[in-house]
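Visitor: What follows is model-v9.txt, made up of compact mmCIF, C-alpha atoms and all ligand atoms:
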# COMPACT_ATOMS: atom_id res chain seq x y z
CA MET O 1 6.79 1.49 20.22
CA ALA O 2 10.25 0.61 18.94
CA ASP O 3 11.22 -0.75 22.39
CA ALA O 4 8.13 -2.92 22.57
CA VAL O 5 8.95 -4.36 19.16
CA GLU O 6 12.61 -4.95 20.11
CA GLN O 7 11.52 -7.10 23.05
CA ALA O 8 8.70 -8.96 21.36
CA PRO O 9 9.40 -12.42 19.94
CA LEU O 10 10.45 -12.31 16.32
CA GLU O 11 7.29 -13.20 14.50
CA PHE O 12 5.85 -11.79 11.30
CA ASP O 13 2.09 -12.32 11.08
CA PRO O 14 0.52 -10.50 8.11
CA PHE O 15 -2.93 -11.02 9.64
CA SER O 16 -2.19 -9.38 12.99
CA ASP O 17 -3.05 -5.94 14.38
CA ARG O 18 0.68 -5.32 14.72
CA TYR O 19 1.08 -5.73 10.97
CA PHE O 20 -2.11 -3.88 10.02
CA ASN O 21 -1.25 -0.89 12.24
CA ASP O 22 2.45 -0.26 11.68
CA PRO O 23 4.85 -3.01 10.57
CA TYR O 24 7.91 -0.83 9.95
CA ASP O 25 9.88 -1.40 13.16
CA LEU O 26 9.20 -5.09 12.85
CA TYR O 27 10.33 -5.07 9.21
CA ARG O 28 13.67 -3.58 10.32
CA ARG O 29 14.17 -6.40 12.80
CA MET O 30 13.22 -8.98 10.21
CA ARG O 31 15.74 -7.53 7.71
CA ASP O 32 18.48 -7.61 10.35
CA GLU O 33 17.74 -10.82 12.22
CA ALA O 34 15.61 -13.05 10.00
CA PRO O 35 15.75 -11.77 6.41
CA VAL O 36 14.74 -15.24 5.19
CA TYR O 37 11.96 -16.26 7.53
CA PHE O 38 9.59 -19.19 7.97
CA ASN O 39 6.23 -18.63 9.61
CA GLU O 40 5.11 -21.87 11.24
CA GLN O 41 1.57 -20.77 12.01
CA TYR O 42 0.58 -20.22 8.39
CA GLY O 43 3.37 -22.24 6.75
CA PHE O 44 4.97 -19.61 4.51
CA TRP O 45 8.45 -18.28 3.82
CA ALA O 46 9.15 -14.54 3.55
CA LEU O 47 11.98 -12.42 2.14
CA PHE O 48 12.52 -8.99 3.68
CA ARG O 49 15.66 -7.50 2.11
CA HIS O 50 15.58 -5.39 -1.04
CA GLU O 51 18.24 -7.46 -2.81
CA ASP O 52 16.40 -10.72 -2.10
CA VAL O 53 12.97 -9.39 -3.08
CA VAL O 54 14.33 -8.13 -6.42
CA ALA O 55 16.18 -11.41 -7.07
CA ALA O 56 13.08 -13.48 -6.31
CA HIS O 57 10.94 -11.36 -8.64
CA ARG O 58 13.50 -11.93 -11.35
CA ASP O 59 13.59 -15.69 -10.75
CA TRP O 60 10.02 -16.48 -11.82
CA GLN O 61 11.14 -20.00 -12.77
CA THR O 62 11.67 -20.72 -9.06
CA PHE O 63 9.00 -18.44 -7.63
CA SER O 64 5.87 -19.22 -9.59
CA SER O 65 2.76 -17.04 -9.66
CA SER O 66 0.53 -19.83 -10.92
CA HIS O 67 -0.45 -21.00 -7.42
CA GLY O 68 -1.83 -17.56 -6.50
CA VAL O 69 -0.36 -14.34 -5.16
CA ASP O 70 -1.91 -13.97 -1.72
CA LEU O 71 -1.65 -16.42 1.16
CA SER O 72 -5.24 -17.58 0.85
CA SER O 73 -4.96 -18.49 -2.85
CA LEU O 74 -1.47 -19.93 -2.28
CA ASN O 75 -3.09 -22.43 0.06
CA THR O 76 -5.82 -23.34 -2.43
CA ASP O 77 -5.67 -26.27 -4.87
CA PRO O 78 -3.65 -24.91 -7.85
CA GLU O 79 -6.15 -26.50 -10.24
CA VAL O 80 -8.78 -24.14 -8.82
CA ILE O 81 -6.41 -21.16 -9.21
CA LYS O 82 -5.85 -22.04 -12.89
CA ARG O 83 -9.57 -21.77 -13.50
CA TYR O 84 -9.54 -18.10 -12.44
CA ARG O 85 -7.59 -17.32 -15.64
CA LEU O 86 -5.93 -14.21 -14.13
CA ILE O 87 -2.66 -13.03 -15.70
CA ILE O 88 -1.34 -12.13 -12.24
CA MET O 89 -1.67 -15.84 -11.39
CA MET O 90 0.05 -17.23 -14.51
CA ASP O 91 3.62 -18.02 -15.53
CA PRO O 92 5.16 -17.65 -19.00
CA PRO O 93 4.50 -18.41 -21.76
CA GLU O 94 0.73 -18.12 -21.13
CA HIS O 95 1.25 -14.99 -19.04
CA ASN O 96 3.06 -13.13 -21.84
CA ARG O 97 0.46 -14.04 -24.45
CA LEU O 98 -2.48 -12.83 -22.41
CA ARG O 99 -0.76 -9.76 -20.97
CA ALA O 100 0.07 -8.68 -24.52
CA LEU O 101 -3.67 -8.40 -25.22
CA VAL O 102 -4.03 -5.36 -22.97
CA ASN O 103 -0.47 -4.01 -22.84
CA ARG O 104 -1.18 -1.33 -25.43
CA VAL O 105 -4.19 0.06 -23.55
CA PHE O 106 -1.94 0.81 -20.56
CA SER O 107 1.13 2.12 -22.39
CA PRO O 108 2.30 5.57 -21.22
CA ARG O 109 1.17 7.01 -24.55
CA ALA O 110 -2.35 5.55 -24.44
CA VAL O 111 -2.67 6.54 -20.80
CA GLY O 112 -1.60 10.11 -21.62
CA ALA O 113 -4.67 10.46 -23.82
CA LEU O 114 -6.87 9.62 -20.83
CA GLU O 115 -5.70 12.55 -18.71
CA PRO O 116 -8.63 14.89 -19.52
CA MET O 117 -11.11 12.17 -18.49
CA VAL O 118 -9.13 11.40 -15.33
CA ARG O 119 -9.00 15.07 -14.36
CA GLU O 120 -12.71 15.49 -14.96
CA VAL O 121 -13.51 12.52 -12.69
CA ILE O 122 -11.12 13.72 -9.99
CA ARG O 123 -12.47 17.28 -10.06
CA GLY O 124 -15.99 15.90 -9.92
CA TYR O 125 -15.23 14.29 -6.56
CA LEU O 126 -13.31 17.25 -5.09
CA ALA O 127 -15.41 20.21 -6.30
CA PRO O 128 -18.38 19.58 -3.93
CA PHE O 129 -15.98 20.24 -1.02
CA ASP O 130 -14.44 23.46 -2.36
CA ASP O 131 -16.30 25.57 0.20
CA ALA O 132 -16.28 22.94 2.93
CA GLU O 133 -14.13 23.10 6.04
CA ARG O 134 -13.65 19.34 6.21
CA PHE O 135 -13.92 16.21 4.11
CA ASP O 136 -12.76 12.62 4.19
CA ALA O 137 -9.81 12.24 1.82
CA VAL O 138 -10.49 8.51 1.36
CA ALA O 139 -14.23 7.94 1.87
CA ASP O 140 -15.21 11.01 -0.19
CA PHE O 141 -12.34 11.11 -2.65
CA SER O 142 -9.60 8.49 -3.11
CA GLY O 143 -12.04 5.61 -2.48
CA PRO O 144 -14.57 6.41 -5.21
CA PHE O 145 -12.50 8.03 -7.99
CA PRO O 146 -10.09 5.23 -9.13
CA VAL O 147 -12.85 2.63 -9.53
CA GLU O 148 -14.87 5.17 -11.50
CA ILE O 149 -11.91 5.65 -13.89
CA ILE O 150 -11.05 1.99 -14.48
CA CYS O 151 -14.75 1.07 -14.80
CA ARG O 152 -15.24 3.77 -17.42
CA MET O 153 -12.32 2.29 -19.36
CA LEU O 154 -13.73 -1.23 -19.04
CA GLY O 155 -17.29 -0.22 -19.90
CA VAL O 156 -19.05 -0.86 -16.58
CA PRO O 157 -22.25 1.24 -16.72
CA GLU O 158 -22.53 4.37 -14.62
CA GLY O 159 -24.38 3.72 -11.39
CA GLU O 160 -22.87 0.23 -11.05
CA ARG O 161 -19.24 1.26 -10.61
CA GLN O 162 -19.12 1.94 -6.89
CA GLN O 163 -20.70 -1.44 -6.19
CA ILE O 164 -17.52 -2.99 -7.58
CA ARG O 165 -15.50 -1.19 -4.92
CA HIS O 166 -17.77 -2.38 -2.10
CA TRP O 167 -17.41 -5.96 -3.32
CA LEU O 168 -13.62 -5.56 -3.56
CA ASP O 169 -13.39 -4.17 -0.03
CA LEU O 170 -15.24 -7.20 1.32
CA THR O 171 -13.17 -9.64 -0.73
CA LEU O 172 -9.84 -8.26 0.49
CA HIS O 173 -10.81 -7.79 4.14
CA ARG O 174 -9.19 -10.13 6.67
CA GLU O 175 -10.11 -10.62 10.31
CA PRO O 176 -7.06 -10.74 12.61
CA GLY O 177 -5.57 -14.24 12.60
CA GLN O 178 -7.53 -15.28 9.52
CA MET O 179 -5.77 -15.99 6.24
CA ASP O 180 -8.99 -16.47 4.25
CA PRO O 181 -11.77 -14.01 3.39
CA THR O 182 -14.81 -13.80 5.65
CA PRO O 183 -18.08 -15.48 4.49
CA GLN O 184 -19.23 -12.01 3.33
CA GLY O 185 -15.98 -11.70 1.35
CA VAL O 186 -16.55 -15.06 -0.33
CA SER O 187 -20.10 -14.16 -1.26
CA ALA O 188 -18.96 -10.71 -2.52
CA SER O 189 -16.42 -12.37 -4.83
CA ILE O 190 -19.11 -14.69 -6.20
CA ASP O 191 -21.51 -11.77 -6.75
CA MET O 192 -18.76 -9.81 -8.50
CA ALA O 193 -17.80 -12.75 -10.74
CA LEU O 194 -21.45 -13.31 -11.72
CA TYR O 195 -21.88 -9.60 -12.40
CA TYR O 196 -18.81 -9.49 -14.69
CA LEU O 197 -19.92 -12.65 -16.48
CA ALA O 198 -23.36 -11.18 -17.23
CA LEU O 199 -21.78 -7.91 -18.36
CA THR O 200 -19.38 -9.76 -20.68
CA ARG O 201 -22.26 -11.68 -22.26
CA GLU O 202 -24.13 -8.43 -22.77
CA LYS O 203 -21.09 -6.76 -24.43
CA ARG O 204 -20.57 -9.76 -26.68
CA ARG O 205 -24.15 -9.43 -27.89
CA HIS O 206 -24.02 -5.63 -28.19
CA PRO O 207 -20.38 -4.49 -28.53
CA VAL O 208 -19.59 -0.82 -28.02
CA ASP O 209 -16.37 1.21 -27.81
CA ASP O 210 -14.94 -0.10 -24.52
CA MET O 211 -12.38 -2.61 -23.25
CA ILE O 212 -14.78 -5.43 -22.44
CA SER O 213 -16.31 -5.27 -25.91
CA ARG O 214 -12.86 -5.28 -27.50
CA LEU O 215 -11.82 -8.32 -25.43
CA THR O 216 -14.82 -10.21 -26.85
CA GLN O 217 -13.35 -9.66 -30.31
CA VAL O 218 -9.62 -10.37 -29.87
CA GLU O 219 -7.90 -13.64 -30.63
CA VAL O 220 -4.97 -15.14 -28.81
CA ASP O 221 -2.32 -17.71 -29.71
CA ARG O 222 -2.73 -20.54 -27.19
CA GLY O 223 0.75 -21.82 -27.86
CA ASP O 224 -0.19 -24.35 -30.53
CA GLY O 225 -0.24 -21.78 -33.32
CA ALA O 226 -4.05 -21.72 -33.48
CA MET O 227 -5.69 -18.37 -32.77
CA THR O 228 -8.84 -18.51 -30.67
CA GLY O 229 -11.06 -15.92 -29.03
CA LEU O 230 -11.39 -15.50 -25.26
CA ASP O 231 -14.41 -17.17 -23.70
CA ASP O 232 -16.77 -15.28 -21.37
CA ALA O 233 -15.22 -16.67 -18.20
CA GLU O 234 -11.72 -15.65 -19.33
CA ILE O 235 -12.86 -12.11 -20.05
CA ALA O 236 -14.75 -11.90 -16.76
CA GLY O 237 -11.56 -12.97 -14.96
CA PHE O 238 -9.48 -10.45 -16.85
CA ILE O 239 -11.73 -7.54 -16.06
CA SER O 240 -12.14 -8.52 -12.43
CA LEU O 241 -8.33 -8.32 -12.13
CA LEU O 242 -8.16 -4.96 -13.90
CA GLY O 243 -11.06 -3.60 -11.85
CA GLY O 244 -9.51 -4.80 -8.59
CA ALA O 245 -5.89 -3.89 -9.25
CA GLY O 246 -6.90 -0.57 -10.79
CA ALA O 247 -8.99 0.59 -7.86
CA GLU O 248 -7.82 -0.48 -4.40
CA THR O 249 -4.18 0.48 -4.79
CA VAL O 250 -4.62 4.04 -6.08
CA THR O 251 -7.13 4.59 -3.27
CA LYS O 252 -4.47 3.63 -0.75
CA LEU O 253 -1.67 5.63 -2.39
CA VAL O 254 -3.66 8.88 -2.43
CA GLY O 255 -4.93 8.32 1.13
CA ASN O 256 -1.33 7.70 2.25
CA ALA O 257 -0.27 10.87 0.40
CA VAL O 258 -2.65 13.02 2.46
CA VAL O 259 -1.51 11.48 5.75
CA LEU O 260 2.16 11.91 4.80
CA PHE O 261 1.69 15.54 3.73
CA HIS O 262 0.02 16.21 7.08
CA ARG O 263 2.86 14.56 9.01
CA HIS O 264 5.53 16.26 6.87
CA PRO O 265 4.27 19.79 6.12
CA ASP O 266 7.72 20.78 4.78
CA GLN O 267 7.27 18.21 2.00
CA TYR O 268 3.75 19.46 1.23
CA ARG O 269 5.09 23.01 1.03
CA LYS O 270 7.57 21.87 -1.61
CA VAL O 271 4.71 20.41 -3.67
CA LEU O 272 2.63 23.58 -3.28
CA ALA O 273 5.56 25.80 -4.28
CA ASP O 274 6.56 23.64 -7.25
CA PRO O 275 3.92 21.24 -8.63
CA SER O 276 6.51 19.81 -11.03
CA LYS O 277 7.77 17.89 -7.97
CA ILE O 278 4.51 15.93 -7.74
CA PRO O 279 5.68 12.96 -9.86
CA ALA O 280 8.72 12.61 -7.56
CA ALA O 281 6.39 12.87 -4.54
CA VAL O 282 4.28 10.01 -5.97
CA GLU O 283 7.42 7.83 -6.24
CA GLU O 284 8.40 8.63 -2.66
CA ILE O 285 4.91 7.85 -1.32
CA LEU O 286 5.08 4.55 -3.19
CA ARG O 287 8.44 3.80 -1.58
CA TYR O 288 7.60 5.01 1.91
CA LEU O 289 4.13 3.47 2.25
CA PRO O 290 3.58 1.06 -0.65
CA PRO O 291 -0.13 0.23 -1.03
CA SER O 292 0.74 -3.35 -1.96
CA GLN O 293 2.89 -4.57 0.93
CA TYR O 294 3.87 -8.01 -0.32
CA GLN O 295 3.74 -10.20 -3.39
CA GLY O 296 2.98 -13.91 -3.03
CA ARG O 297 4.69 -16.71 -4.92
CA PHE O 298 5.10 -20.51 -4.68
CA SER O 299 8.60 -22.00 -4.60
CA VAL O 300 8.89 -24.78 -7.16
CA ALA O 301 12.62 -25.43 -6.54
CA ASP O 302 14.98 -24.93 -3.60
CA ALA O 303 16.53 -21.45 -3.50
CA VAL O 304 19.27 -20.18 -1.18
CA TYR O 305 19.14 -16.64 0.18
CA ASN O 306 21.62 -15.35 2.76
CA GLY O 307 22.69 -18.92 3.49
CA VAL O 308 19.12 -20.08 4.19
CA THR O 309 17.35 -22.51 1.87
CA VAL O 310 13.79 -21.71 0.90
CA PRO O 311 12.68 -25.25 0.08
CA ALA O 312 10.54 -26.18 -2.92
CA GLY O 313 6.83 -26.47 -2.28
CA TYR O 314 6.06 -23.43 -0.10
CA PRO O 315 4.09 -20.21 -0.31
CA THR O 316 6.70 -17.46 -0.23
CA ILE O 317 6.02 -13.76 0.16
CA LEU O 318 8.29 -11.01 -1.13
CA VAL O 319 7.82 -8.21 1.36
CA THR O 320 7.87 -5.02 -0.72
CA GLY O 321 6.97 -2.84 2.28
CA SER O 322 10.18 -3.93 3.98
CA ALA O 323 12.38 -3.89 0.85
CA THR O 324 11.61 -0.24 0.14
CA ARG O 325 12.85 0.71 3.64
CA ASP O 326 16.05 -1.31 3.43
CA GLU O 327 18.93 0.72 4.84
CA ARG O 328 21.29 -1.37 2.72
CA VAL O 329 19.90 0.43 -0.34
CA TYR O 330 18.42 3.77 0.76
CA ASP O 331 20.00 6.56 2.79
CA ASP O 332 17.79 7.43 5.77
CA PRO O 333 15.06 5.06 4.58
CA ASP O 334 12.64 6.11 7.31
CA THR O 335 12.76 9.76 6.22
CA PHE O 336 9.99 10.87 3.88
CA GLU O 337 11.85 13.03 1.35
CA ILE O 338 10.34 13.82 -2.04
CA ASP O 339 13.67 15.15 -3.36
CA ARG O 340 15.30 11.76 -2.84
CA PRO O 341 17.25 10.43 -5.88
CA ALA O 342 15.15 8.26 -8.20
CA SER O 343 15.29 4.51 -7.52
CA LEU O 344 13.63 1.29 -8.62
CA ALA O 345 9.86 1.61 -8.12
CA LEU O 346 9.56 -1.73 -6.34
CA GLY O 347 6.12 -0.68 -5.08
CA PHE O 348 4.88 -1.60 -8.55
CA GLY O 349 6.56 -5.01 -8.36
CA TYR O 350 9.43 -6.02 -10.59
CA GLY O 351 10.12 -8.32 -13.53
CA ILE O 352 7.54 -10.03 -15.68
CA HIS O 353 4.57 -9.20 -13.43
CA THR O 354 5.52 -5.57 -12.87
CA CYS O 355 2.38 -3.48 -12.61
CA LEU O 356 0.54 -3.31 -15.90
CA GLY O 357 -1.26 -0.16 -14.76
CA ALA O 358 1.80 1.73 -13.47
CA ALA O 359 1.51 4.58 -16.00
CA LEU O 360 -2.19 4.98 -15.24
CA ALA O 361 -1.57 4.78 -11.48
CA ARG O 362 1.15 7.42 -11.67
CA MET O 363 -1.01 9.74 -13.76
CA GLU O 364 -4.10 9.33 -11.56
CA SER O 365 -2.03 9.93 -8.43
CA ARG O 366 -0.30 12.98 -9.91
CA VAL O 367 -3.58 14.56 -11.05
CA ALA O 368 -5.20 13.79 -7.67
CA ILE O 369 -2.36 15.52 -5.80
CA GLU O 370 -2.33 18.46 -8.24
CA GLU O 371 -6.05 19.06 -7.73
CA LEU O 372 -5.80 18.51 -3.99
CA ALA O 373 -2.95 21.02 -3.69
CA LEU O 374 -4.99 23.63 -5.57
CA ARG O 375 -8.09 23.15 -3.44
CA TRP O 376 -6.66 22.22 -0.03
CA PRO O 377 -3.33 24.11 0.24
CA SER O 378 -3.52 24.10 4.03
CA LEU O 379 -4.81 20.92 5.55
CA ALA O 380 -4.55 18.84 8.69
CA VAL O 381 -5.58 15.24 9.28
CA ASP O 382 -7.44 14.19 12.39
CA GLU O 383 -5.14 11.22 12.93
CA ASP O 384 -7.08 9.83 15.89
CA ALA O 385 -10.14 9.50 13.68
CA CYS O 386 -8.36 7.76 10.78
CA THR O 387 -9.33 4.15 10.11
CA ARG O 388 -6.95 1.60 8.62
CA VAL O 389 -8.01 -1.26 6.40
CA GLN O 390 -7.24 -4.83 7.44
CA MET O 391 -6.61 -6.43 4.10
CA SER O 392 -4.63 -9.12 2.42
CA ASN O 393 -1.57 -7.70 0.59
CA VAL O 394 -3.02 -4.15 0.50
CA ALA O 395 -2.38 -1.59 3.26
CA GLY O 396 -3.65 1.92 3.88
CA PHE O 397 -6.69 3.78 5.17
CA SER O 398 -10.44 3.59 4.63
CA SER O 399 -11.02 6.95 6.34
CA VAL O 400 -8.76 10.03 6.56
CA PRO O 401 -10.73 13.02 7.95
CA VAL O 402 -9.18 16.33 6.86
CA HIS O 403 -9.88 19.94 7.89
CA ARG O 404 -8.58 23.29 6.69
CA THR O 405 -6.04 25.02 8.88
CA ALA O 406 -6.12 28.56 7.45
C1 LIG V 501 -0.63 2.95 -6.88
C2 LIG V 501 -1.28 2.06 -7.56
C3 LIG V 501 -0.80 0.67 -7.86
C4 LIG V 501 0.09 -0.12 -7.18
C5 LIG V 501 0.87 0.23 -5.92
C6 LIG V 501 0.17 -1.38 -7.90
C7 LIG V 501 1.01 -2.42 -7.54
C8 LIG V 501 1.17 -3.57 -8.27
C9 LIG V 501 2.11 -4.61 -7.96
C10 LIG V 501 3.05 -4.62 -6.76
C11 LIG V 501 2.00 -5.58 -8.92
C12 LIG V 501 2.83 -6.86 -9.02
C13 LIG V 501 2.08 -8.06 -8.53
C14 LIG V 501 2.92 -9.30 -8.49
O1 LIG V 501 4.11 -9.26 -8.79
O2 LIG V 501 2.38 -10.35 -8.11
C15 LIG V 501 0.96 -5.16 -9.82
C16 LIG V 501 0.51 -5.90 -10.90
C17 LIG V 501 -0.57 -5.52 -11.66
N1 LIG V 501 -1.24 -4.32 -11.63
FE1 LIG V 501 -0.88 -2.78 -10.40
N2 LIG V 501 -0.69 -1.35 -8.96
C18 LIG V 501 -1.30 -0.13 -8.97
C19 LIG V 501 -2.23 0.32 -9.89
C20 LIG V 501 -2.72 -0.41 -10.93
C21 LIG V 501 -3.68 0.08 -11.90
C22 LIG V 501 -4.27 1.49 -11.95
C23 LIG V 501 -3.96 -0.95 -12.72
C24 LIG V 501 -4.90 -0.84 -13.89
C25 LIG V 501 -5.57 -1.72 -14.38
C26 LIG V 501 -3.15 -2.10 -12.29
C27 LIG V 501 -3.14 -3.36 -12.87
C28 LIG V 501 -2.24 -4.36 -12.55
C29 LIG V 501 -2.25 -5.66 -13.21
C30 LIG V 501 -3.22 -6.14 -14.29
C31 LIG V 501 -1.20 -6.39 -12.65
C32 LIG V 501 -0.78 -7.82 -13.00
C33 LIG V 501 0.31 -7.78 -14.04
C34 LIG V 501 0.86 -9.13 -14.39
O3 LIG V 501 0.64 -10.10 -13.66
O4 LIG V 501 1.54 -9.22 -15.42
N3 LIG V 501 -2.42 -1.71 -11.20
N4 LIG V 501 0.48 -3.92 -9.43
Show the structure stored in the file as structure tokens.

Guide:
Amino acid sequence: MADAVEQAPLEFDPFSDRYFNDPYDLYRRMRDEAPVYFNEQYGFWALFRHEDVVAAHRDWQTFSSSHGVDLSSLNTDPEVIKRYRLIIMMDPPEHNRLRALVNRVFSPRAVGALEPMVREVIRGYLAPFDDAERFDAVADFSGPFPVEIICRMLGVPEGERQQIRHWLDLTLHREPGQMDPTPQGVSASIDMALYYLALTREKRRHPVDDMISRLTQVEVDRGDGAMTGLDDAEIAGFISLLGGAGAETVTKLVGNAVVLFHRHPDQYRKVLADPSKIPAAVEEILRYLPPSQYQGRFSVADAVYNGVTVPAGYPTILVTGSATRDERVYDDPDTFEIDRPASLALGFGYGIHTCLGAALARMESRVAIEELALRWPSLAVDEDACTRVQMSNVAGFSSVPVHRTA
């Protein structure tokens, strides 16, 4: 594999099978030979080194989020993007004002209080397989549980929560060579938006104790000193972001965890012997196989990296998946080692847009691995039967069949 990559022309295509299946050898070549890269086919720039990715995250004045954060939205009219009203697609000062509305809900302290609920949901998905010889760690477990948790927090009624995940899967899916969603993906995103809008209207009429209801009651400073409430479309946008960001990524992290523990049984043994190592294992999984492989930005001024100018006016992607394997920063970056010294959790992004849900994601992932270790202390993955997703920005598996080994 490495040889084939060495000889192939140096091209990074985030909509290719080569990328979807295993981009890591290619990332190494990009870091060494073209750390600041222009892709002519899709017309984007990309940064591959850790130092450059961190610097670009920090420089939000040059690398704006307001044109979108994936290559499809980055190629859409920015006026359309503005209408989505998503904090992930905003720059300061508007970004700070709106993010502040939900910051408290996701603080480590507030998230700590959710642990009993999170554990109950996670156990509910694992318990039916306690006497089984096999199960699918993603389809049966890490796929359904995170969306259940975030939807409970938001106030999406039971019975409607898994539909959100099916819509999200369709929205994020990309056919090889295609930057934009499929027609099914477009119609799924419309269905989801209409669903959230109707739900918001319902909560405004009949508020209860959940996040959507609370968002119908808050007021925000729009920058002119006047405080106004959020309209229904703004709330629908907000919750679609929380629902999406809070579901797909944890699914991928926990699926990746199972595959990595299978490939590195010595690391799984460490977790089994000492569960207090699980938080460190979560950080290493995030570094080794980050669920969100790249963050999109739009350059609004020229910026020079490694002697190469990224000109103003281009979609630019900060390739997290490459940065967290950069040998300039990590010793033996391609070794999966849960006892590795702590480092910047770039897998959650960095700077002003750093993951709002990081504390929740860490807790969900820790509890999932704790419960998995209790119930499946000896496991093997049928790697030939695993299925990878082909998605924009997000990488991981949609199916990881597991069986007991003892
Ligand atoms: C392992 C799981 C997760 C990973 C790997 C992850 C990763 C990320 C990354 C890389 C960003 C930065 C995006 C950018 O810079 O453009 C981000 C932002 C964000 N994440 Fe997460 N995330 C995870 C879980 C969650 C959860 C559980 C939530 C809960 C709601 C969440 C909500 C958000 C939100 C709202 C933003 C946008 C923040 C902003 O723009 O200020 N994420 N996440």

Visitor: Identify, counting all atoms listed in the file, the protein, DNA and RNA residues located within 7 Å of ligand LIG 501 (chain V), and give them as a PyMOL selection string.

Guide: chain O and resi 65+69+87-89+95+99+150+241-243+245-247+249-250+253+286+290-292+295-296+347-350+352-358+360-362

Visitor: Quick one: everything within 10 Å of Gly124 in chain O, counting all atoms listed in the file, minus sequence neighbours fewer than 5 positions away in the same chain. Send it as a list in words.

Guide: Val118, Arg119, Phe129, Phe141 and Phe145 of chain O

Visitor: Just the residues within 9 Å of Ala380 in chain O, please, counting all atoms listed in the file, with nothing from its chain fewer than 3 positions along; format it as a list in words.

Guide: Val258, Val259, Phe261, His262, Arg263, Glu383, Pro401, Val402, His403, Arg404 and Thr405 of chain O

Visitor: Using only C-alpha atoms, find the one residue out of O:Asp17, O:Glu284, O:Asp332, O:Glu219 that sits nearest to Glu175 in chain O.

Guide: O:Asp17

Visitor: May I ask for the distance between CA of Gly244 in chain O and CA of Arg165 in chain O, given in Å to one decimal place?

Guide: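 These two atoms are separated by 7.9 Å.
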
Visitor: Could you give me, as a ChimeraX atom specification, the residues within 7 Å of Ser392 in chain O, counting all atoms listed in the file and dropping anything in the same chain fewer than 5 positions from it?

Guide: /O:70,172-174

Visitor: At what distance in Å, to one decimal, does CA of Val53 in chain O lie from CA of Ser16 in chain O?

Guide: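 Calculated distance between CA of Ser16 in chain O and CA of Val53 in chain O is 22.1 Å.
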
Visitor: Just the number, please: distance in Å from CA of Gly321 in chain O to CA of Pro35 in chain O, one decimal.

Guide: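 Separation between CA of Gly321 in chain O and CA of Pro35 in chain O: 13.2 Å.
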
Visitor: Find the residues around Glu11 in chain O up to 12 Å (only C-alpha atoms counted), leave out those fewer than 6 positions away in its own chain, and share them as a list in words.

Guide: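 Near Glu11 in chain O, the qualifying residues are Val5, Arg18, Tyr19, Pro23, Leu26, Tyr27, Arg29, Met30, Glu33, Ala34, Pro35, Tyr37, Phe38, Asn39, Glu40, Gln41, Tyr42, Trp45 and Ala46 of chain O.
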